file upload.pdb (PDB, C-alpha atoms, pLDDT in the B column)
MODEL        1
ATOM      1  CA  MET A   1    -120.678  81.480 -25.224  1.00 40.00           C
ATOM      2  CA  ALA A   2    -119.750  84.220 -22.688  1.00 40.00           C
ATOM      3  CA  VAL A   3    -123.416  84.976 -22.021  1.00 44.00           C
ATOM      4  CA  TYR A   4    -123.990  81.314 -21.220  1.00 61.00           C
ATOM      5  CA  VAL A   5    -121.064  81.230 -18.777  1.00 75.00           C
ATOM      6  CA  ASP A   6    -122.426  84.359 -17.107  1.00 79.00           C
ATOM      7  CA  LEU A   7    -125.805  82.668 -16.793  1.00 78.00           C
ATOM      8  CA  VAL A   8    -124.271  79.525 -15.296  1.00 80.00           C
ATOM      9  CA  PHE A   9    -122.306  81.643 -12.792  1.00 87.00           C
ATOM     10  CA  LEU A  10    -125.391  83.590 -11.683  1.00 88.00           C
ATOM     11  CA  PHE A  11    -127.580  80.499 -11.453  1.00 85.00           C
ATOM     12  CA  ASN A  12    -125.045  78.615  -9.323  1.00 89.00           C
ATOM     13  CA  CYS A  13    -124.501  81.616  -7.048  1.00 92.00           C
ATOM     14  CA  LEU A  14    -128.222  81.906  -6.348  1.00 91.00           C
ATOM     15  CA  ALA A  15    -128.738  78.160  -5.918  1.00 90.00           C
ATOM     16  CA  ASP A  16    -125.775  77.800  -3.557  1.00 92.00           C
ATOM     17  CA  ALA A  17    -126.787  80.833  -1.508  1.00 93.00           C
ATOM     18  CA  ALA A  18    -130.320  79.485  -1.106  1.00 93.00           C
ATOM     19  CA  ALA A  19    -129.101  75.989  -0.205  1.00 93.00           C
ATOM     20  CA  LEU A  20    -126.582  77.318   2.345  1.00 93.00           C
ATOM     21  CA  TYR A  21    -129.179  79.587   3.948  1.00 93.00           C
ATOM     22  CA  ILE A  22    -131.677  76.739   4.312  1.00 93.00           C
ATOM     23  CA  THR A  23    -128.942  74.423   5.592  1.00 92.00           C
ATOM     24  CA  ALA A  24    -128.080  76.943   8.297  1.00 91.00           C
ATOM     25  CA  ARG A  25    -131.720  77.327   9.359  1.00 91.00           C
ATOM     26  CA  LEU A  26    -132.424  73.589   9.421  1.00 90.00           C
ATOM     27  CA  SER A  27    -129.198  72.876  11.317  1.00 87.00           C
ATOM     28  CA  GLY A  28    -129.803  75.584  13.905  1.00 88.00           C
ATOM     29  CA  LEU A  29    -126.652  77.439  12.883  1.00 88.00           C
ATOM     30  CA  PRO A  30    -126.261  81.225  12.799  1.00 87.00           C
ATOM     31  CA  VAL A  31    -126.936  82.780   9.383  1.00 88.00           C
ATOM     32  CA  ARG A  32    -123.736  84.634   8.524  1.00 91.00           C
ATOM     33  CA  ARG A  33    -124.576  86.521   5.348  1.00 92.00           C
ATOM     34  CA  ARG A  34    -121.007  87.442   4.448  1.00 93.00           C
ATOM     35  CA  ARG A  35    -119.880  83.831   4.663  1.00 93.00           C
ATOM     36  CA  ILE A  36    -122.887  82.679   2.649  1.00 93.00           C
ATOM     37  CA  LEU A  37    -122.111  85.304   0.005  1.00 94.00           C
ATOM     38  CA  ALA A  38    -118.445  84.285  -0.182  1.00 94.00           C
ATOM     39  CA  ALA A  39    -119.334  80.595  -0.466  1.00 93.00           C
ATOM     40  CA  ALA A  40    -121.998  81.324  -3.077  1.00 92.00           C
ATOM     41  CA  LEU A  41    -119.516  83.301  -5.204  1.00 94.00           C
ATOM     42  CA  ALA A  42    -117.058  80.414  -4.950  1.00 94.00           C
ATOM     43  CA  GLY A  43    -119.796  77.979  -5.977  1.00 91.00           C
ATOM     44  CA  GLY A  44    -120.778  80.171  -8.910  1.00 90.00           C
ATOM     45  CA  THR A  45    -117.157  80.295 -10.064  1.00 92.00           C
ATOM     46  CA  TYR A  46    -116.893  76.502  -9.853  1.00 89.00           C
ATOM     47  CA  GLY A  47    -120.094  76.091 -11.847  1.00 85.00           C
ATOM     48  CA  ALA A  48    -118.881  78.491 -14.536  1.00 85.00           C
ATOM     49  CA  LEU A  49    -115.568  76.627 -14.820  1.00 85.00           C
ATOM     50  CA  CYS A  50    -117.437  73.346 -15.315  1.00 81.00           C
ATOM     51  CA  ALA A  51    -119.235  74.906 -18.294  1.00 75.00           C
ATOM     52  CA  LEU A  52    -115.995  75.734 -20.095  1.00 76.00           C
ATOM     53  CA  PRO A  53    -114.773  73.457 -22.925  1.00 65.00           C
ATOM     54  CA  GLY A  54    -112.341  70.848 -21.658  1.00 70.00           C
ATOM     55  CA  LEU A  55    -113.417  71.147 -18.012  1.00 74.00           C
ATOM     56  CA  ALA A  56    -116.618  69.087 -18.188  1.00 67.00           C
ATOM     57  CA  PRO A  57    -115.072  66.243 -16.057  1.00 76.00           C
ATOM     58  CA  ALA A  58    -115.039  68.702 -13.145  1.00 77.00           C
ATOM     59  CA  ALA A  59    -118.829  68.401 -13.071  1.00 73.00           C
ATOM     60  CA  SER A  60    -118.766  64.673 -12.261  1.00 80.00           C
ATOM     61  CA  LEU A  61    -119.942  63.405  -8.862  1.00 81.00           C
ATOM     62  CA  LEU A  62    -116.677  63.277  -6.908  1.00 87.00           C
ATOM     63  CA  PRO A  63    -115.488  66.786  -7.870  1.00 87.00           C
ATOM     64  CA  GLN A  64    -118.981  68.097  -7.093  1.00 87.00           C
ATOM     65  CA  MET A  65    -118.907  66.513  -3.643  1.00 89.00           C
ATOM     66  CA  ALA A  66    -115.452  67.963  -3.006  1.00 91.00           C
ATOM     67  CA  ALA A  67    -116.639  71.410  -4.090  1.00 91.00           C
ATOM     68  CA  ALA A  68    -119.729  71.086  -1.870  1.00 91.00           C
ATOM     69  CA  ALA A  69    -117.513  70.188   1.096  1.00 92.00           C
ATOM     70  CA  GLY A  70    -115.412  73.270   0.435  1.00 92.00           C
ATOM     71  CA  LEU A  71    -118.471  75.528   0.337  1.00 92.00           C
ATOM     72  CA  VAL A  72    -119.881  74.085   3.563  1.00 92.00           C
ATOM     73  CA  TRP A  73    -116.498  74.505   5.309  1.00 93.00           C
ATOM     74  CA  LEU A  74    -116.195  78.083   4.003  1.00 92.00           C
ATOM     75  CA  CYS A  75    -119.675  78.946   5.221  1.00 91.00           C
ATOM     76  CA  PHE A  76    -119.899  77.096   8.556  1.00 89.00           C
ATOM     77  CA  GLY A  77    -116.361  75.993   9.433  1.00 86.00           C
ATOM     78  CA  ARG A  78    -115.534  72.443  10.497  1.00 78.00           C
ATOM     79  CA  ARG A  79    -118.167  71.547  13.059  1.00 75.00           C
ATOM     80  CA  ARG A  80    -119.059  68.292  14.777  1.00 78.00           C
ATOM     81  CA  ASP A  81    -121.988  67.701  12.408  1.00 84.00           C
ATOM     82  CA  PHE A  82    -120.019  68.645   9.298  1.00 88.00           C
ATOM     83  CA  LEU A  83    -120.997  65.483   7.373  1.00 89.00           C
ATOM     84  CA  ARG A  84    -124.678  66.026   8.141  1.00 89.00           C
ATOM     85  CA  GLN A  85    -124.471  69.628   6.969  1.00 90.00           C
ATOM     86  CA  LEU A  86    -122.634  68.564   3.816  1.00 90.00           C
ATOM     87  CA  LEU A  87    -125.247  65.974   2.857  1.00 91.00           C
ATOM     88  CA  LEU A  88    -128.080  68.369   3.638  1.00 92.00           C
ATOM     89  CA  PHE A  89    -126.497  71.109   1.510  1.00 91.00           C
ATOM     90  CA  PHE A  90    -125.849  68.710  -1.369  1.00 88.00           C
ATOM     91  CA  LEU A  91    -129.430  67.424  -1.372  1.00 90.00           C
ATOM     92  CA  LEU A  92    -130.835  70.956  -1.152  1.00 90.00           C
ATOM     93  CA  SER A  93    -128.622  72.097  -4.040  1.00 87.00           C
ATOM     94  CA  CYS A  94    -129.831  69.243  -6.252  1.00 83.00           C
ATOM     95  CA  THR A  95    -133.460  69.932  -5.319  1.00 85.00           C
ATOM     96  CA  ILE A  96    -133.202  73.668  -5.980  1.00 83.00           C
ATOM     97  CA  CYS A  97    -131.428  73.163  -9.310  1.00 75.00           C
ATOM     98  CA  PHE A  98    -134.018  70.648 -10.461  1.00 71.00           C
ATOM     99  CA  ALA A  99    -136.915  72.894  -9.442  1.00 73.00           C
ATOM    100  CA  VAL A 100    -135.526  75.999 -11.126  1.00 67.00           C
ATOM    101  CA  LEU A 101    -134.552  74.209 -14.335  1.00 61.00           C
ATOM    102  CA  SER A 102    -137.960  72.516 -14.552  1.00 60.00           C
ATOM    103  CA  VAL A 103    -140.176  75.454 -13.624  1.00 57.00           C
ATOM    104  CA  VAL A 104    -138.409  78.760 -14.201  1.00 54.00           C
ATOM    105  CA  PHE A 105    -136.002  78.365 -17.107  1.00 52.00           C
ATOM    106  CA  ARG A 106    -137.200  77.728 -20.624  1.00 51.00           C
ATOM    107  CA  GLY A 107    -135.555  77.216 -23.991  1.00 48.00           C
ATOM    108  CA  ASP A 108    -131.931  78.252 -24.380  1.00 48.00           C
ATOM    109  CA  ALA A 109    -131.528  79.518 -20.829  1.00 48.00           C
ATOM    110  CA  ARG A 110    -132.471  76.143 -19.400  1.00 47.00           C
ATOM    111  CA  HIS A 111    -130.300  74.212 -21.854  1.00 46.00           C
ATOM    112  CA  ALA A 112    -127.344  76.545 -21.324  1.00 47.00           C
ATOM    113  CA  VAL A 113    -127.399  76.085 -17.561  1.00 44.00           C
ATOM    114  CA  ALA A 114    -127.670  72.316 -17.999  1.00 45.00           C
ATOM    115  CA  GLY A 115    -124.699  72.286 -20.376  1.00 48.00           C
ATOM    116  CA  GLN A 116    -126.795  71.130 -23.340  1.00 70.00           C
ATOM    117  CA  LEU A 117    -125.782  73.821 -25.822  1.00 76.00           C
ATOM    118  CA  CYS A 118    -122.762  73.511 -28.052  1.00 82.00           C
ATOM    119  CA  ARG A 119    -121.117  75.946 -30.445  1.00 87.00           C
ATOM    120  CA  TRP A 120    -120.638  74.467 -33.907  1.00 92.00           C
ATOM    121  CA  GLU A 121    -118.682  75.428 -36.976  1.00 94.00           C
ATOM    122  CA  ILE A 122    -118.992  73.538 -40.245  1.00 95.00           C
ATOM    123  CA  GLY A 123    -117.353  74.036 -43.622  1.00 96.00           C
ATOM    124  CA  ARG A 124    -118.545  73.289 -47.131  1.00 95.00           C
ATOM    125  CA  ARG A 125    -116.724  74.092 -50.370  1.00 93.00           C
ATOM    126  CA  GLY A 126    -114.639  76.808 -48.770  1.00 93.00           C
ATOM    127  CA  ARG A 127    -117.540  78.449 -46.918  1.00 95.00           C
ATOM    128  CA  GLN A 128    -118.050  78.487 -43.144  1.00 95.00           C
ATOM    129  CA  ALA A 129    -121.144  78.641 -40.925  1.00 95.00           C
ATOM    130  CA  ARG A 130    -121.306  79.038 -37.141  1.00 93.00           C
ATOM    131  CA  PHE A 131    -124.363  78.255 -35.011  1.00 92.00           C
ATOM    132  CA  THR A 132    -125.574  76.747 -31.733  1.00 88.00           C
ATOM    133  CA  ALA A 133    -126.735  73.122 -31.487  1.00 89.00           C
ATOM    134  CA  LEU A 134    -128.717  71.365 -28.779  1.00 86.00           C
ATOM    135  CA  LEU A 135    -127.230  68.096 -27.491  1.00 83.00           C
ATOM    136  CA  ASP A 136    -130.185  65.713 -27.617  1.00 77.00           C
ATOM    137  CA  THR A 137    -129.909  62.023 -26.720  1.00 73.00           C
ATOM    138  CA  GLY A 138    -133.304  61.468 -28.332  1.00 75.00           C
ATOM    139  CA  HIS A 139    -131.931  62.544 -31.689  1.00 80.00           C
ATOM    140  CA  THR A 140    -130.755  59.205 -33.106  1.00 84.00           C
ATOM    141  CA  LEU A 141    -130.713  59.973 -36.830  1.00 89.00           C
ATOM    142  CA  SER A 142    -127.740  58.326 -38.518  1.00 89.00           C
ATOM    143  CA  ASP A 143    -126.412  58.092 -42.061  1.00 90.00           C
ATOM    144  CA  PRO A 144    -127.016  54.596 -43.487  1.00 88.00           C
ATOM    145  CA  CYS A 145    -123.945  55.029 -45.721  1.00 85.00           C
ATOM    146  CA  THR A 146    -121.522  55.601 -42.838  1.00 86.00           C
ATOM    147  CA  GLY A 147    -123.427  54.599 -39.706  1.00 88.00           C
ATOM    148  CA  ARG A 148    -122.375  57.871 -38.075  1.00 91.00           C
ATOM    149  CA  PRO A 149    -124.725  60.349 -36.340  1.00 92.00           C
ATOM    150  CA  VAL A 150    -126.288  63.082 -38.464  1.00 94.00           C
ATOM    151  CA  LEU A 151    -126.484  66.734 -37.482  1.00 95.00           C
ATOM    152  CA  THR A 152    -129.961  68.134 -38.212  1.00 94.00           C
ATOM    153  CA  ALA A 153    -130.023  71.889 -38.756  1.00 94.00           C
ATOM    154  CA  HIS A 154    -132.512  74.507 -39.888  1.00 95.00           C
ATOM    155  CA  TRP A 155    -131.396  75.341 -43.421  1.00 95.00           C
ATOM    156  CA  GLU A 156    -131.582  79.093 -42.804  1.00 94.00           C
ATOM    157  CA  ALA A 157    -129.041  78.812 -39.957  1.00 92.00           C
ATOM    158  CA  LEU A 158    -126.474  77.598 -42.502  1.00 95.00           C
ATOM    159  CA  GLU A 159    -127.104  80.519 -44.858  1.00 94.00           C
ATOM    160  CA  PRO A 160    -123.366  81.406 -45.236  1.00 95.00           C
ATOM    161  CA  LEU A 161    -122.813  78.031 -46.927  1.00 96.00           C
ATOM    162  CA  TRP A 162    -125.226  78.574 -49.830  1.00 96.00           C
ATOM    163  CA  THR A 163    -124.789  80.049 -53.254  1.00 95.00           C
ATOM    164  CA  ASP A 164    -127.591  82.284 -54.552  1.00 95.00           C
ATOM    165  CA  ARG A 165    -128.998  79.400 -56.598  1.00 94.00           C
ATOM    166  CA  GLU A 166    -128.926  77.016 -53.622  1.00 96.00           C
ATOM    167  CA  ARG A 167    -130.535  79.608 -51.352  1.00 95.00           C
ATOM    168  CA  GLU A 168    -133.424  80.095 -53.792  1.00 96.00           C
ATOM    169  CA  ALA A 169    -133.995  76.348 -54.079  1.00 96.00           C
ATOM    170  CA  LEU A 170    -133.772  75.722 -50.316  1.00 96.00           C
ATOM    171  CA  SER A 171    -136.331  78.445 -49.638  1.00 95.00           C
ATOM    172  CA  ARG A 172    -138.878  76.064 -51.217  1.00 95.00           C
ATOM    173  CA  LEU A 173    -137.978  73.175 -48.888  1.00 94.00           C
ATOM    174  CA  GLU A 174    -141.011  73.478 -46.627  1.00 92.00           C
ATOM    175  CA  ALA A 175    -143.484  73.985 -49.465  1.00 94.00           C
ATOM    176  CA  GLU A 176    -142.192  71.419 -51.964  1.00 94.00           C
ATOM    177  CA  GLY A 177    -140.305  68.829 -49.906  1.00 93.00           C
ATOM    178  CA  ALA A 178    -136.814  67.351 -50.065  1.00 94.00           C
ATOM    179  CA  ALA A 179    -137.178  65.366 -53.296  1.00 94.00           C
ATOM    180  CA  ALA A 180    -138.498  68.319 -55.309  1.00 95.00           C
ATOM    181  CA  VAL A 181    -135.775  70.646 -54.029  1.00 96.00           C
ATOM    182  CA  LEU A 182    -133.112  68.040 -54.833  1.00 95.00           C
ATOM    183  CA  SER A 183    -134.421  68.001 -58.406  1.00 95.00           C
ATOM    184  CA  ARG A 184    -134.124  71.798 -58.545  1.00 94.00           C
ATOM    185  CA  LEU A 185    -130.550  71.680 -57.288  1.00 94.00           C
ATOM    186  CA  GLY A 186    -129.588  69.169 -59.960  1.00 91.00           C
ATOM    187  CA  PRO A 187    -126.718  66.682 -60.271  1.00 89.00           C
ATOM    188  CA  GLY A 188    -123.319  67.664 -58.935  1.00 90.00           C
ATOM    189  CA  SER A 189    -124.802  69.855 -56.221  1.00 93.00           C
ATOM    190  CA  GLY A 190    -123.517  67.601 -53.447  1.00 94.00           C
ATOM    191  CA  PHE A 191    -126.989  67.172 -51.975  1.00 96.00           C
ATOM    192  CA  ARG A 192    -128.953  63.928 -51.558  1.00 95.00           C
ATOM    193  CA  VAL A 193    -131.977  62.702 -49.630  1.00 94.00           C
ATOM    194  CA  LEU A 194    -131.849  60.839 -46.341  1.00 93.00           C
ATOM    195  CA  PRO A 195    -134.724  58.581 -45.181  1.00 89.00           C
ATOM    196  CA  TYR A 196    -135.913  58.995 -41.604  1.00 83.00           C
ATOM    197  CA  ARG A 197    -138.651  58.002 -39.183  1.00 76.00           C
ATOM    198  CA  ALA A 198    -140.077  60.071 -36.351  1.00 69.00           C
ATOM    199  CA  VAL A 199    -143.118  60.260 -34.110  1.00 63.00           C
ATOM    200  CA  GLY A 200    -146.086  60.598 -36.470  1.00 59.00           C
ATOM    201  CA  VAL A 201    -143.869  60.064 -39.548  1.00 62.00           C
ATOM    202  CA  ARG A 202    -143.513  56.457 -40.667  1.00 64.00           C
ATOM    203  CA  SER A 203    -141.348  57.301 -43.659  1.00 71.00           C
ATOM    204  CA  GLY A 204    -139.943  60.665 -44.657  1.00 85.00           C
ATOM    205  CA  LEU A 205    -137.059  62.276 -46.501  1.00 91.00           C
ATOM    206  CA  LEU A 206    -134.621  64.973 -45.450  1.00 94.00           C
ATOM    207  CA  LEU A 207    -132.327  66.845 -47.792  1.00 95.00           C
ATOM    208  CA  CYS A 208    -128.733  66.435 -46.676  1.00 96.00           C
ATOM    209  CA  PHE A 209    -125.138  67.123 -47.676  1.00 96.00           C
ATOM    210  CA  ARG A 210    -121.656  66.143 -46.583  1.00 95.00           C
ATOM    211  CA  ALA A 211    -119.819  68.839 -44.621  1.00 95.00           C
ATOM    212  CA  ASP A 212    -116.096  68.968 -45.397  1.00 94.00           C
ATOM    213  CA  ARG A 213    -115.287  69.627 -41.752  1.00 94.00           C
ATOM    214  CA  ALA A 214    -117.084  70.088 -38.460  1.00 94.00           C
ATOM    215  CA  ARG A 215    -116.049  71.433 -35.068  1.00 92.00           C
ATOM    216  CA  ALA A 216    -118.101  71.253 -31.861  1.00 90.00           C
ATOM    217  CA  ASP A 217    -116.935  73.472 -28.977  1.00 83.00           C
ATOM    218  CA  GLY A 218    -113.443  73.417 -30.456  1.00 83.00           C
ATOM    219  CA  ARG A 219    -113.311  69.638 -30.974  1.00 88.00           C
ATOM    220  CA  GLU A 220    -112.695  68.514 -34.541  1.00 91.00           C
ATOM    221  CA  LEU A 221    -115.214  65.925 -35.743  1.00 91.00           C
ATOM    222  CA  GLY A 222    -114.059  65.643 -39.364  1.00 91.00           C
ATOM    223  CA  GLU A 223    -116.557  65.094 -42.158  1.00 93.00           C
ATOM    224  CA  ILE A 224    -120.177  64.642 -41.099  1.00 93.00           C
ATOM    225  CA  THR A 225    -123.574  64.400 -42.762  1.00 95.00           C
ATOM    226  CA  VAL A 226    -125.846  67.399 -42.198  1.00 96.00           C
ATOM    227  CA  ALA A 227    -129.608  67.024 -42.692  1.00 95.00           C
ATOM    228  CA  LEU A 228    -131.605  70.162 -43.453  1.00 95.00           C
ATOM    229  CA  SER A 229    -134.835  70.857 -41.632  1.00 93.00           C
ATOM    230  CA  PRO A 230    -137.374  73.112 -43.372  1.00 92.00           C
ATOM    231  CA  GLY A 231    -138.292  74.715 -40.053  1.00 89.00           C
ATOM    232  CA  ALA A 232    -136.947  75.431 -36.578  1.00 87.00           C
ATOM    233  CA  VAL A 233    -135.647  72.381 -34.714  1.00 84.00           C
ATOM    234  CA  SER A 234    -135.901  73.781 -31.171  1.00 75.00           C
ATOM    235  CA  GLU A 235    -138.325  75.895 -29.125  1.00 66.00           C
ATOM    236  CA  GLY A 236    -135.378  78.055 -28.093  1.00 60.00           C
ATOM    237  CA  GLY A 237    -132.751  79.595 -30.323  1.00 66.00           C
ATOM    238  CA  ALA A 238    -130.752  76.421 -30.999  1.00 82.00           C
ATOM    239  CA  ALA A 239    -130.418  76.018 -34.752  1.00 88.00           C
ATOM    240  CA  ALA A 240    -129.501  72.324 -34.833  1.00 91.00           C
ATOM    241  CA  LEU A 241    -129.837  68.986 -33.030  1.00 90.00           C
ATOM    242  CA  TRP A 242    -126.992  66.566 -32.399  1.00 90.00           C
ATOM    243  CA  GLY A 243    -127.098  63.164 -30.710  1.00 85.00           C
ATOM    244  CA  GLY A 244    -123.466  62.153 -31.151  1.00 79.00           C
ATOM    245  CA  GLU A 245    -120.378  62.795 -29.046  1.00 71.00           C
ATOM    246  CA  THR A 246    -118.766  66.204 -28.651  1.00 56.00           C
ATOM    247  CA  GLY A 247    -116.518  65.715 -25.634  1.00 52.00           C
ATOM    248  CA  LYS A 248    -119.039  67.661 -23.547  1.00 48.00           C
ATOM    249  CA  GLU A 249    -121.095  64.706 -22.392  1.00 47.00           C
ATOM    250  CA  GLY A 250    -120.263  65.284 -18.730  1.00 43.00           C
ATOM    251  CA  GLY A 251    -122.367  68.449 -18.886  1.00 42.00           C
ATOM    252  CA  GLY A 252    -125.580  66.568 -19.611  1.00 41.00           C
ATOM    253  CA  HIS A 253    -127.845  65.940 -22.565  1.00 39.00           C
ATOM    254  CA  ALA A 254    -131.387  66.862 -23.330  1.00 41.00           C
ATOM    255  CA  ALA A 255    -133.685  63.913 -22.882  1.00 34.00           C
TER     256      ALA A 255
ENDMDL
END

call {"tool": "encode", "arguments": {"input": "upload.pdb", "output": "structure tokens"}}
result
Amino acid sequence: MAVYVDLVFLFNCLADAAALYITARLSGLPVRRRRILAAALAGGTYGALCALPGLAPAASLLPQMAAAAGLVWLCFGRRRDFLRQLLLFFLLSCTICFAVLSVVFRGDARHAVAGQLCRWEIGRRGRQARFTALLDTGHTLSDPCTGRPVLTAHWEALEPLWTDREREALSRLEAEGAAAVLSRLGPGSGFRVLPYRAVGVRSGLLLCFRADRARADGRELGEITVALSPGAVSEGGAAALWGGETGKEGGGHAA
């Protein structure tokens, strides 16, 4: 996750510097580069802190406004039109962030900056697997047996969990389908099929299993159902999709 925090820091520094510079020009204020740099570094640090586990509430509206006020004061001092400068800076920051996220960033970089990536660890029969999941509000798959959300992961990303026999059977998942692979795995394997619907798929089956334990960004989620996708689930490097809670919801979800 360190690379993602570095990315968030850099992105916020650049966005804040640009917004402060434009605010100064539109307000007719002198452009003091050292003050802009200092405020931008402070803004980058604040953004990086918001990306850390447990500090997501700091990214809510009121803390953001307070941080914006601090950056404007650091850059321009307390002037007569302070409130006008604050609102202008805040609007410019939102506009710049939206433009960069929509146009420049793609895949994992974009999701990381938006706080939509989450580090996962799951356990099965004494084995552990670690991977990155994309928080996706559009992913509404749930287990009909428990009613709880289902984590959908590319089977290859969970490779440390498999025995040699399971790995050989799962390698046929894309070619033969969930039901055929379940037959190969046999009774007592701990696998089953999960019905699902998606765009263009009226009725389908996913191979799934029950993870003994799951942890998302350090938060224990207990036992969960994990569905196995035969192929990649994201255009970026995210290996799984999750639509449930992680404690990181303040950082945003993919739509």

call {"tool": "resolve_selection", "arguments": {"input": "upload.pdb", "expression": "the PyMOL selection byres ((chain A and resi 24) around 12)", "output": "ChimeraX atom specification"}}
result
/A:17-23,25-33,35-36,72,75-77,81-82,84-86,88-89,92

call {"tool": "atom_distance", "arguments": {"input": "upload.pdb", "atom1": "CA of Trp155 (chain A)", "atom2": "CA of Leu206 (chain A)"}}
result
11.0 Å

call {"tool": "resolve_selection", "arguments": {"input": "upload.pdb", "expression": "the PyMOL selection byres ((chain A and resi 218-235) around 8)", "output": "NGL selection string"}}
result
:A and (53 or 107 or 134 or 143 or 148-155 or 173-174 or 194 or 206-217 or 236-241 or 246-247)

call {"tool": "closest_residue", "arguments": {"input": "upload.pdb", "among": "A:Leu182, A:Cys94, A:Ile122, A:Cys50", "to": "Asp16 (chain A)", "atoms": "only C-alpha atoms"}}
result
A:Cys94

call {"tool": "resolve_selection", "arguments": {"input": "upload.pdb", "expression": "the PyMOL selection byres ((chain A and resi 68) around 10)", "output": "list of chain:residue names"}}
result
A:Asp16, A:Ala39, A:Gly43, A:Leu62, A:Pro63, A:Gln64, A:Met65, A:Ala66, A:Ala67, A:Ala69, A:Gly70, A:Leu71, A:Val72, A:Trp73, A:Leu74, A:Leu86, A:Leu87, A:Phe89, A:Phe90, A:Ser93

call {"tool": "atom_distance", "arguments": {"input": "upload.pdb", "atom1": "CA of Pro187 (chain A)", "atom2": "CA of Glu166 (chain A)"}}
result
12.5 Å

call {"tool": "closest_residue", "arguments": {"input": "upload.pdb", "among": "A:Leu205, A:Ala48, A:Ala15, A:Ala175", "to": "Phe98 (chain A)", "atoms": "only C-alpha atoms"}}
result
A:Ala15

call {"tool": "atom_distance", "arguments": {"input": "upload.pdb", "atom1": "CA of Gly123 (chain A)", "atom2": "CA of Leu161 (chain A)"}}
result
7.5 Å

call {"tool": "residues_around", "arguments": {"input": "upload.pdb", "residues": "region 125-129 of chain A", "least_positions_apart": "4", "cutoff": "7 Å", "atoms": "only C-alpha atoms", "output": "PDB file with C-alpha atoms, in the frame of the given file"}}
result
ATOM      1  CA  GLU A 121    -118.682  75.428 -36.976  1.00 94.00           C
ATOM      2  CA  LEU A 158    -126.474  77.598 -42.502  1.00 95.00           C
ATOM      3  CA  PRO A 160    -123.366  81.406 -45.236  1.00 95.00           C
ATOM      4  CA  LEU A 161    -122.813  78.031 -46.927  1.00 96.00           C
TER       5      LEU A 161
END
